[in-house]
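The structure appears below as structure tokens.
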Amino acid sequence: MDDDKKAARTRAKILDGLARAERALFTRPAPKSARAQMKFLRTREKGSTKSLAERLGVSRKTVQRYLSGASTKPNKRLQAALAQETESEWQPQVRAQARQRAASSGGLVISCRAYFGLGPEGTSDAGRVRDITVAVSPSHAAAIMAAREEGATESDLHDAVAEAIADAYFRQGGGGRAGLEVKFADVEWLNIAF
């Protein structure tokens, strides 16, 4: 598999990890039915069915059918778009407070299984797949979330997470291994918690 595909999958895992961490903070569940999701999203679009239709990639008539209850079972593409858009807009203040807390005082906890390499072959520091759970500093949390908000490239987001893990786990806050280069690749799974 080429490096671009691996980087794209890693970025998707990082974004999914951040999204799951935010969902865990919700104080109320997001709307589940297509009609409730349409109603919620219409309020976010200031009542405009036209802009909601454009946002979802469907016709205005389709939006109106779901709002009236005439249609109840969306196709898979529309169902996925409704779920994604609803979740992205749900409880923005709860999400903003969590991001602020992580960036100012709390940091993030990152758990992953990935290839980490930091030393020559044959040593205990040789590259291998490791399971790591580490609390990263608020400054690294702020950098990761800023990169996400700015729509960072796969490489930038991957590098921000790699640097955070390397500092917190391998370099231990700049201790005796301050200049250590750490390779972070082949991410099998990744979870993030606020």
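Numbering starts fresh at 1 for the residues of each chain in the structure tokens, the chains themselves are lettered A, B, ... in the order given, and ligands are numbered from 1 as they appear.
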TODO: Using backbone DSSP assignments, extract all strand (DSSP E) residues from chain A; output them as a PyMOL selection string.
DONE: chain A and resi 108-117+128-136+183-193
Which neighbours of Leu108 in chain A fall inside 6 Å, counting only C-alpha atoms, when residues of the same chain fewer than 2 positions from it are skipped, and could you give them as a PyMOL selection string? chain A and resi 135-136+141+193-194
Would you export the selected residues with C-alpha atoms as a PDB file, in the first residue's frame, please?
ATOM      1  CA  ALA A 135      -1.631  11.678  28.409  1.00  0.00           C
ATOM      2  CA  VAL A 136      -0.462  14.470  26.128  1.00  0.00           C
ATOM      3  CA  ALA A 141      -3.777  19.026  22.498  1.00  0.00           C
ATOM      4  CA  ALA A 193     -10.330  11.007  25.266  1.00  0.00           C
ATOM      5  CA  PHE A 194     -10.750  14.482  26.707  1.00  0.00           C
TER       6      PHE A 194
END
Find the residues near Ala102 in chain A: any atom within 10 Å, counting only C-alpha atoms, skip ones fewer than 2 places away on the same chain, and give them as a tab-separated table (two decimals) with N, CA and C atoms, in the first residue's frame.
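Writing done, so here's part.tsv:
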chain	number	residue	atom	x	y	z
A	96	ALA	N	-17.07	22.78	22.44
A	96	ALA	CA	-16.15	23.92	22.57
A	96	ALA	C	-15.54	23.97	23.97
A	97	GLN	N	-16.35	23.71	24.98
A	97	GLN	CA	-15.82	23.70	26.35
A	97	GLN	C	-14.79	22.59	26.54
A	98	ALA	N	-15.05	21.42	25.97
A	98	ALA	CA	-14.10	20.32	26.09
A	98	ALA	C	-12.79	20.64	25.38
A	99	ARG	N	-12.88	21.23	24.18
A	99	ARG	CA	-11.67	21.61	23.45
A	99	ARG	C	-10.88	22.66	24.22
A	100	GLN	N	-11.59	23.63	24.79
A	100	GLN	CA	-10.93	24.69	25.57
A	100	GLN	C	-10.24	24.11	26.79
A	104	SER	N	-6.23	24.13	27.42
A	104	SER	CA	-5.73	25.03	28.46
A	104	SER	C	-5.20	24.30	29.69
A	105	SER	N	-5.83	23.20	30.07
A	105	SER	CA	-5.38	22.58	31.32
A	105	SER	C	-5.40	21.06	31.32
A	106	GLY	N	-6.30	20.44	30.60
A	106	GLY	CA	-6.48	19.00	30.73
A	106	GLY	C	-5.68	18.13	29.80
A	107	GLY	N	-5.40	18.61	28.61
A	107	GLY	CA	-4.72	17.78	27.63
A	107	GLY	C	-5.64	16.70	27.09
A	108	LEU	N	-5.08	15.73	26.42
A	108	LEU	CA	-5.81	14.60	25.85
A	108	LEU	C	-5.15	13.31	26.30
A	109	VAL	N	-5.92	12.22	26.25
A	109	VAL	CA	-5.35	10.90	26.46
A	109	VAL	C	-5.48	10.18	25.12
A	136	VAL	N	-1.26	13.45	26.80
A	136	VAL	CA	-0.46	14.47	26.13
A	136	VAL	C	-0.77	15.84	26.72
A	137	SER	N	0.19	16.71	26.64
A	137	SER	CA	0.10	18.03	27.27
A	137	SER	C	-0.97	18.90	26.61
A	138	PRO	N	-1.45	19.91	27.35
A	138	PRO	CA	-2.41	20.85	26.77
A	138	PRO	C	-1.88	21.56	25.52
A	139	SER	N	-0.59	21.85	25.48
A	139	SER	CA	-0.05	22.52	24.29
A	139	SER	C	-0.13	21.62	23.06
A	140	HIS	N	0.14	20.33	23.23
A	140	HIS	CA	0.00	19.40	22.11
A	140	HIS	C	-1.46	19.21	21.75
A	141	ALA	N	-2.34	19.15	22.76
A	141	ALA	CA	-3.78	19.03	22.50
A	141	ALA	C	-4.26	20.22	21.68
A	142	ALA	N	-3.80	21.41	22.05
A	142	ALA	CA	-4.18	22.62	21.31
A	142	ALA	C	-3.69	22.55	19.87
A	145	MET	N	-5.90	20.03	17.88
A	145	MET	CA	-7.24	20.55	17.60
A	145	MET	C	-7.20	21.74	16.65
A	193	ALA	N	-9.37	10.61	24.22
A	193	ALA	CA	-10.33	11.01	25.27
A	193	ALA	C	-9.94	12.37	25.79
A	194	PHE	N	-10.96	13.16	26.12
A	194	PHE	CA	-10.75	14.48	26.71
A	194	PHE	C	-10.54	14.34	28.19
Inset, instruction - List every residue of range 27-163 of chain A that DSSP, applied to the backbone, labels as helix (DSSP H, G or I), and write the result as JSON, numbers by chain. - result: {"A": [34, 35, 36, 37, 38, 39, 40, 41, 42, 43, 44, 49, 50, 51, 52, 53, 54, 55, 56, 60, 61, 62, 63, 64, 65, 66, 67, 68, 76, 77, 78, 79, 80, 81, 82, 83, 84, 85, 86, 87, 88, 89, 92, 93, 94, 95, 96, 97, 98, 99, 100, 101, 102, 103, 104, 105, 106, 138, 139, 140, 141, 142, 143, 144, 145, 146, 147, 148, 149, 154, 155, 156, 157, 158, 159, 160, 161, 162, 163]}
Need to verify the contact set: range 82-94 of chain A, 12 Å, only C-alpha atoms, exclusion of same-chain residues closer than 6 positions in sequence. Can you return it as JSON, numbers by chain?
{"A": [15, 16, 18, 19, 20, 21, 22, 23, 24, 25, 26, 27, 28, 29, 30, 31, 32, 33, 34, 35, 36, 37, 38, 39, 40, 41, 42, 43, 44, 45, 52, 53, 55, 56, 57, 58, 63, 66, 73, 74, 75, 76, 100, 101, 194]}
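The residue that comes closest to Arg171 in chain A, out of A:Leu118, A:Val187, A:Leu78, A:Leu157 and on the basis of only C-alpha atoms, is A:Leu118.
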